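Novice: Hey, dropping entry07.csv in here, CSV, C-alpha atoms and all ligand atoms:
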```csv
chain,number,residue,atom,x,y,z
A,7,MET,CA,-15.8,-15.1,27.2
A,8,ALA,CA,-14.2,-14.3,23.8
A,9,LEU,CA,-16.5,-14.3,20.8
A,10,LEU,CA,-15.8,-16.7,17.9
A,11,GLY,CA,-15.5,-15.4,14.4
A,12,VAL,CA,-15.5,-18.3,11.9
A,13,ASN,CA,-13.4,-17.5,8.8
A,14,ILE,CA,-15.0,-19.2,5.8
A,15,ASP,CA,-12.4,-18.3,3.2
A,16,HIS,CA,-11.3,-21.9,3.2
A,17,VAL,CA,-14.7,-23.1,2.0
A,18,ALA,CA,-14.3,-20.7,-1.0
A,19,THR,CA,-10.8,-22.0,-1.6
A,20,VAL,CA,-12.2,-25.6,-2.0
A,21,ARG,CA,-14.8,-24.2,-4.4
A,22,GLU,CA,-12.2,-22.4,-6.4
A,23,ALA,CA,-10.1,-25.5,-6.7
A,24,ARG,CA,-12.7,-26.6,-9.3
A,25,LYS,CA,-14.0,-23.2,-10.3
A,26,THR,CA,-17.5,-24.4,-9.7
A,27,ASN,CA,-20.3,-23.5,-7.3
A,28,GLU,CA,-19.7,-25.8,-4.4
A,29,PRO,CA,-19.1,-25.8,-1.5
A,30,ASP,CA,-20.9,-22.5,-1.0
A,31,PRO,CA,-19.4,-20.3,1.7
A,32,VAL,CA,-22.9,-18.7,2.2
A,33,TRP,CA,-24.3,-22.1,3.2
A,34,ALA,CA,-21.2,-22.7,5.4
A,35,ALA,CA,-21.8,-19.4,7.2
A,36,SER,CA,-25.4,-20.5,8.0
A,37,LEU,CA,-24.1,-23.8,9.4
A,38,ALA,CA,-21.4,-22.0,11.4
A,39,GLU,CA,-24.1,-19.8,12.9
A,40,ILE,CA,-26.2,-22.8,13.9
A,41,GLY,CA,-23.1,-24.2,15.5
A,42,GLY,CA,-22.8,-21.1,17.6
A,43,ALA,CA,-20.5,-18.8,15.7
A,44,ASP,CA,-20.6,-15.2,17.0
A,45,GLY,CA,-19.3,-13.8,13.8
A,46,ILE,CA,-18.5,-14.7,10.2
A,47,THR,CA,-15.2,-13.5,8.8
A,48,LEU,CA,-14.2,-13.4,5.1
A,49,HIS,CA,-11.3,-11.9,3.2
A,50,LEU,CA,-12.0,-10.3,-0.1
A,51,ARG,CA,-8.5,-10.3,-1.6
A,52,GLU,CA,-7.5,-8.0,-4.5
A,53,ASP,CA,-6.9,-11.1,-6.7
A,54,ARG,CA,-10.3,-12.6,-5.7
A,55,ARG,CA,-8.6,-16.0,-5.3
A,56,HIS,CA,-11.2,-17.4,-3.0
A,57,VAL,CA,-14.0,-15.1,-1.8
A,58,LYS,CA,-15.9,-13.3,-4.6
A,59,GLU,CA,-18.0,-10.2,-4.5
A,60,ARG,CA,-21.0,-12.4,-4.9
A,61,ASP,CA,-20.2,-14.1,-1.6
A,62,LEU,CA,-19.8,-10.8,0.2
A,63,HIS,CA,-23.1,-9.5,-1.1
A,64,LEU,CA,-25.1,-12.6,-0.2
A,65,LEU,CA,-23.4,-12.9,3.2
A,66,ARG,CA,-24.3,-9.3,4.0
A,67,GLN,CA,-27.9,-10.2,3.4
A,68,THR,CA,-28.0,-13.5,5.2
A,69,VAL,CA,-25.6,-13.5,8.1
A,70,THR,CA,-27.4,-12.6,11.3
A,71,VAL,CA,-24.3,-12.4,13.5
A,72,LYS,CA,-21.3,-10.0,13.1
A,73,LEU,CA,-19.9,-9.8,9.6
A,74,ASN,CA,-16.2,-9.1,9.6
A,75,LEU,CA,-14.6,-8.2,6.3
A,76,GLU,CA,-10.8,-8.5,6.1
A,77,LEU,CA,-9.4,-6.3,3.4
A,78,ALA,CA,-6.2,-4.5,2.3
A,79,CYS,CA,-5.9,-0.7,2.1
A,80,ASP,CA,-6.7,-0.9,-1.6
A,81,PRO,CA,-9.0,1.7,-3.1
A,82,GLY,CA,-11.2,-0.8,-5.0
A,83,VAL,CA,-11.9,-3.1,-2.1
A,84,LEU,CA,-12.3,-0.1,0.3
A,85,THR,CA,-15.1,1.2,-2.0
A,86,ILE,CA,-16.8,-2.2,-2.0
A,87,ALA,CA,-16.6,-2.3,1.8
A,88,GLU,CA,-18.1,1.2,2.0
A,89,GLN,CA,-21.0,0.2,-0.2
A,90,THR,CA,-21.6,-3.2,1.4
A,91,GLN,CA,-21.3,-2.1,5.0
A,92,PRO,CA,-20.1,-5.1,7.0
A,93,HIS,CA,-20.3,-4.5,10.7
A,94,GLN,CA,-16.6,-4.6,11.0
A,95,ALA,CA,-13.6,-4.3,8.7
A,96,THR,CA,-10.2,-5.7,9.6
A,97,LEU,CA,-7.4,-4.1,7.7
A,98,VAL,CA,-4.7,-6.6,6.7
A,99,PRO,CA,-1.6,-6.5,4.5
A,100,GLU,CA,-1.7,-8.4,1.3
A,101,ARG,CA,0.9,-9.9,-1.0
A,102,ARG,CA,-0.2,-11.8,-4.1
A,103,GLU,CA,2.4,-14.6,-3.8
A,104,GLU,CA,1.5,-15.4,-0.1
A,105,ILE,CA,-0.4,-18.5,0.7
A,106,THR,CA,-2.2,-16.8,3.6
A,107,THR,CA,-1.8,-13.4,5.4
A,108,GLU,CA,1.8,-13.5,6.5
A,109,GLY,CA,2.6,-10.6,8.8
A,110,GLY,CA,0.7,-7.9,10.5
A,111,LEU,CA,-0.2,-4.5,8.9
A,112,ASP,CA,2.6,-1.9,9.1
A,113,ALA,CA,0.4,0.8,10.7
A,114,ALA,CA,3.4,2.6,12.1
A,115,GLY,CA,5.2,2.7,8.7
A,116,GLN,CA,2.2,3.5,6.5
A,117,ARG,CA,0.4,6.0,8.7
A,118,GLN,CA,-1.1,8.1,5.8
A,119,ARG,CA,-2.4,5.0,3.9
A,120,VAL,CA,-3.8,3.2,6.9
A,121,GLY,CA,-5.2,6.4,8.5
A,122,ASP,CA,-7.0,7.3,5.3
A,123,ALA,CA,-8.5,3.7,5.0
A,124,ILE,CA,-9.6,3.8,8.7
A,125,LYS,CA,-11.3,7.2,8.1
A,126,GLN,CA,-13.1,6.0,4.9
A,127,LEU,CA,-14.5,2.9,6.6
A,128,GLN,CA,-15.5,4.7,9.8
A,129,ASP,CA,-17.2,7.5,7.8
A,130,ALA,CA,-19.3,4.7,6.3
A,131,GLY,CA,-20.3,3.5,9.8
A,132,ILE,CA,-18.0,0.5,9.9
A,133,VAL,CA,-16.0,-0.5,13.0
A,134,VAL,CA,-12.3,-0.8,12.1
A,135,SER,CA,-9.9,-3.3,13.5
A,136,LEU,CA,-6.2,-3.5,12.5
A,137,PHE,CA,-4.4,-6.9,12.2
A,138,LEU,CA,-1.1,-6.3,13.8
A,139,ASP,CA,2.0,-8.2,15.0
A,140,PRO,CA,2.2,-8.2,18.8
A,141,ASP,CA,4.5,-5.1,18.7
A,142,ILE,CA,3.9,-2.2,21.0
A,143,LYS,CA,5.0,0.4,18.3
A,144,GLN,CA,2.3,-0.9,16.0
A,145,ILE,CA,-0.4,-0.9,18.7
A,146,GLU,CA,0.5,2.7,19.6
A,147,ALA,CA,0.1,3.7,15.9
A,148,ALA,CA,-3.3,2.0,15.8
A,149,ALA,CA,-4.5,4.1,18.7
A,150,GLU,CA,-3.1,7.3,17.2
A,151,LEU,CA,-4.7,6.5,13.9
A,152,GLY,CA,-8.1,6.1,15.5
A,153,ALA,CA,-8.8,2.4,15.0
A,154,GLN,CA,-11.3,0.9,17.4
A,155,ALA,CA,-9.8,-2.6,17.7
A,156,VAL,CA,-6.6,-4.5,17.2
A,157,GLU,CA,-6.5,-8.1,16.1
A,158,LEU,CA,-3.2,-9.5,17.4
A,159,HIS,CA,-1.4,-11.9,14.9
A,160,THR,CA,-1.1,-15.2,16.7
A,161,GLY,CA,0.9,-16.9,13.9
A,162,ALA,CA,4.3,-16.9,15.8
A,163,TYR,CA,2.6,-18.3,18.9
A,164,ALA,CA,0.8,-20.9,16.8
A,165,GLU,CA,4.1,-22.0,15.2
A,166,ALA,CA,5.8,-22.1,18.5
A,167,SER,CA,3.0,-24.1,20.1
A,168,VAL,CA,4.2,-27.3,18.3
A,169,GLY,CA,7.6,-26.8,19.9
A,170,PHE,CA,9.0,-25.4,23.1
A,171,ARG,CA,8.9,-21.7,22.5
A,172,ALA,CA,5.1,-21.3,23.1
A,173,ASP,CA,5.6,-19.8,26.5
A,174,ALA,CA,7.8,-17.0,25.2
A,175,GLU,CA,5.4,-16.2,22.4
A,176,LEU,CA,2.5,-16.3,24.8
A,177,GLN,CA,4.3,-13.7,27.0
A,178,THR,CA,4.7,-11.5,23.9
A,179,LEU,CA,1.0,-11.8,23.3
A,180,LEU,CA,0.2,-11.0,26.9
A,181,ALA,CA,2.3,-7.9,26.9
A,182,ALA,CA,0.8,-6.8,23.5
A,183,SER,CA,-2.7,-7.4,24.9
A,184,GLN,CA,-2.0,-5.2,27.9
A,185,ALA,CA,-0.8,-2.5,25.5
A,186,VAL,CA,-4.1,-2.8,23.5
A,187,ARG,CA,-6.1,-2.5,26.7
A,188,ASP,CA,-4.0,0.4,27.9
A,189,ALA,CA,-4.7,2.2,24.6
A,190,GLY,CA,-8.4,1.8,25.2
A,191,LEU,CA,-8.8,-0.5,22.1
A,192,THR,CA,-10.9,-3.7,21.8
A,193,LEU,CA,-8.7,-6.8,21.8
A,194,HIS,CA,-9.0,-9.5,19.1
A,195,ALA,CA,-6.7,-12.2,18.0
A,196,GLY,CA,-6.3,-14.7,15.3
A,197,HIS,CA,-4.3,-16.7,12.8
A,198,GLY,CA,-3.1,-20.3,13.2
A,199,LEU,CA,-5.3,-21.0,16.2
A,200,THR,CA,-6.3,-24.6,16.6
A,201,TYR,CA,-8.2,-26.9,19.0
A,202,ARG,CA,-4.9,-27.6,20.7
A,203,ASN,CA,-3.4,-24.1,21.1
A,204,VAL,CA,-6.5,-21.9,21.5
A,205,LYS,CA,-7.1,-22.1,25.3
A,206,PRO,CA,-4.3,-19.8,26.6
A,207,VAL,CA,-5.1,-17.2,24.0
A,208,ALA,CA,-8.9,-17.3,24.8
A,209,ALA,CA,-7.9,-16.9,28.5
A,210,ILE,CA,-6.1,-13.6,27.9
A,211,PRO,CA,-7.9,-11.0,30.0
A,212,ASP,CA,-10.5,-8.9,28.0
A,213,MET,CA,-10.0,-11.1,24.9
A,214,CYS,CA,-13.1,-10.0,22.9
A,215,GLU,CA,-12.9,-11.9,19.6
A,216,LEU,CA,-11.0,-14.8,18.1
A,217,ASN,CA,-11.0,-15.3,14.3
A,218,ILE,CA,-10.3,-18.9,13.4
A,219,GLY,CA,-10.6,-20.5,10.0
A,220,HIS,CA,-8.3,-23.3,8.8
A,221,SER,CA,-8.5,-25.5,11.9
A,222,ILE,CA,-12.3,-25.3,12.1
A,223,ILE,CA,-12.8,-26.0,8.4
A,224,SER,CA,-10.3,-28.9,8.6
A,225,ARG,CA,-12.2,-30.5,11.4
A,226,ALA,CA,-15.5,-29.8,9.6
A,227,ILE,CA,-14.4,-32.0,6.8
A,228,MET,CA,-14.3,-34.9,9.3
A,229,VAL,CA,-17.2,-34.1,11.7
A,230,GLY,CA,-19.3,-31.5,10.0
A,231,LEU,CA,-19.2,-27.7,10.4
A,232,GLU,CA,-21.9,-27.3,13.1
A,233,ARG,CA,-20.0,-29.7,15.4
A,234,ALA,CA,-16.6,-28.3,14.6
A,235,VAL,CA,-17.8,-24.8,15.5
A,236,ARG,CA,-19.5,-26.1,18.7
A,237,ASP,CA,-16.3,-27.9,19.7
A,238,MET,CA,-14.3,-24.7,19.3
A,239,LYS,CA,-16.9,-22.6,21.2
A,240,ARG,CA,-16.6,-25.1,24.1
A,241,LEU,CA,-12.8,-24.7,24.2
A,242,ILE,CA,-13.0,-20.9,24.1
A,243,GLY,CA,-15.5,-20.9,27.0
A,301,LIG,N1,-7.3,-13.3,11.1
A,301,LIG,C1,-6.8,-12.8,10.0
A,301,LIG,C2,-6.6,-11.3,9.9
A,301,LIG,C3,-6.5,-13.6,8.9
A,301,LIG,O1,-5.9,-13.1,7.8
A,301,LIG,C4,-6.7,-15.0,9.0
A,301,LIG,C5,-6.5,-15.9,7.8
A,301,LIG,O2,-7.3,-15.6,6.7
A,301,LIG,C6,-7.3,-15.5,10.1
A,301,LIG,C7,-7.6,-14.7,11.2
A,301,LIG,C8,-7.6,-17.0,10.3
A,301,LIG,O3,-6.5,-17.7,10.3
A,301,LIG,P1,-6.5,-19.3,10.2
A,301,LIG,O4,-7.2,-19.7,9.0
A,301,LIG,O5,-5.1,-19.7,10.4
A,301,LIG,O6,-7.4,-19.7,11.4
```
Please lay out the structure from this file as structure tokens.
Ligand code: PXP

Specialist:
Amino acid sequence: MALLGVNIDHVATVREARKTNEPDPVWAASLAEIGGADGITLHLREDRRHVKERDLHLLRQTVTVKLNLELACDPGVLTIAEQTQPHQATLVPERREEITTEGGLDAAGQRQRVGDAIKQLQDAGIVVSLFLDPDIKQIEAAAELGAQAVELHTGAYAEASVGFRADAELQTLLAASQAVRDAGLTLHAGHGLTYRNVKPVAAIPDMCELNIGHSIISRAIMVGLERAVRDMKRLIG
């Protein structure tokens, strides 16, 4: 059964809408754990638009499940990761004007930069995952660069799942998952997954970890975070 990483960036986004101290993502992480989260995921962006260093430091001390830090190949954030030592780091691309992470990392096109970031993190004892489009060329590059895991970008599947193209996108994800397995890497997936579209992705053989944020936090506003996490765990199982 795939593990559930709950992305709590969206809690910090609500806090930053008022530049105040609530809701607190640290509190949210505890509730997500009580609801059954297997991991807590957060993205420390270069512009610090939602998660702050204070959140990362407190979460590092309080989270008792896997702490997965999403970050760009940026020297400043890489140093913070090295010092904070989350269990896992997921390297993602970052553009200041984007609303959320848009595409996968270009590991094949930026081998030196991505390879150096992987090495820096692994030397600090951190497991490294790369957030990639379901593209065989990118997956091969991840393996060559020495990453331990690949998180497949499920955004295109998620968008298609409200129309009629979901099957084709699922086939693309299945082929990419096979490539991740063939390369001997651990398989993760995430982005845009919801209570309605998660099941086929959770059922992909050897799916190890799903990182889900927006849909869980949206439901949590209505039913509470513990229950929202529990509901998602049930679907994944
Ligand atoms: N995985 C990665 C690498 C992401 O950047 C995000 C969004 O922050 C997610 C998973 C979660 O996406 P969503 O909020 O759409 O569930």

Novice: Which residue is closest to Ile132 (chain A)? Choose from A:Arg187, A:Arg171, A:Lys72, A:Arg225 and count only C-alpha atoms.

Specialist: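 Going through A:Arg187, A:Arg171, A:Lys72, A:Arg225 one by one, the smallest distance to Ile132 (chain A) is for A:Lys72.
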
Novice: Residues within 10 Å of ligand LIG 301 (chain A) should be enumerated using all atoms listed in the file and returned as a ChimeraX atom specification.

Specialist: /A:11-16,47-51,74-77,95-100,105-111,135-138,156-161,164,194-200,216-224

Novice: Which residue out of A:Leu176, A:Val186, A:Leu191, A:Ile86 has the minimum interatomic distance to Val133 (chain A) when all atoms listed in the file are used?

Specialist: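 Closest to Val133 (chain A), using all atoms listed in the file: A:Leu191.
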
Novice: Quick one: pull the distance between CA of Gln144 (chain A) and CA of Ser183 (chain A), Å, one decimal.

Specialist: 12.1 Å

Novice: Can you tell me how far CA of Pro81 (chain A) sits from CA of Arg117 (chain A), in Å to one decimal?

Specialist: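 Distance between the two atoms: 15.7 Å.
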
Novice: Which polymer residues have any atom within 8 Å of an atom of Ala8 (chain A), counting only C-alpha atoms, with same-chain residues fewer than 2 positions away left out, as a PDB file with C-alpha atoms, keeping the file's coordinate frame?

Specialist:
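This went into result_3.pdb:
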```
ATOM      1  CA  LEU A  10     -15.800 -16.700  17.900  1.00  0.00           C
ATOM      2  CA  ALA A 208      -8.900 -17.300  24.800  1.00  0.00           C
ATOM      3  CA  ASP A 212     -10.500  -8.900  28.000  1.00  0.00           C
ATOM      4  CA  MET A 213     -10.000 -11.100  24.900  1.00  0.00           C
ATOM      5  CA  CYS A 214     -13.100 -10.000  22.900  1.00  0.00           C
ATOM      6  CA  GLU A 215     -12.900 -11.900  19.600  1.00  0.00           C
ATOM      7  CA  LEU A 216     -11.000 -14.800  18.100  1.00  0.00           C
ATOM      8  CA  ILE A 242     -13.000 -20.900  24.100  1.00  0.00           C
ATOM      9  CA  GLY A 243     -15.500 -20.900  27.000  1.00  0.00           C
TER      10      GLY A 243
END
```

Novice: Select, from A:Asp122, A:Glu232, A:Asp188, A:Asp61, the residue with the minimum atom-to-atom distance to Arg21 (chain A), counting only C-alpha atoms.

Specialist: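 Using only C-alpha atoms, the shortest distance to Arg21 (chain A) belongs to A:Asp61.
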
Novice: Contacts of Glu39 (chain A) at 9 Å or less, counting only C-alpha atoms, minus same-chain residues fewer than 4 places along, as a list in words?

Specialist: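 The filter keeps Val12, Ala34, Ala35, Ala43, Asp44, Gly45, Ile46, Val69, Thr70, Val71, Glu232 and Val235 of chain A.
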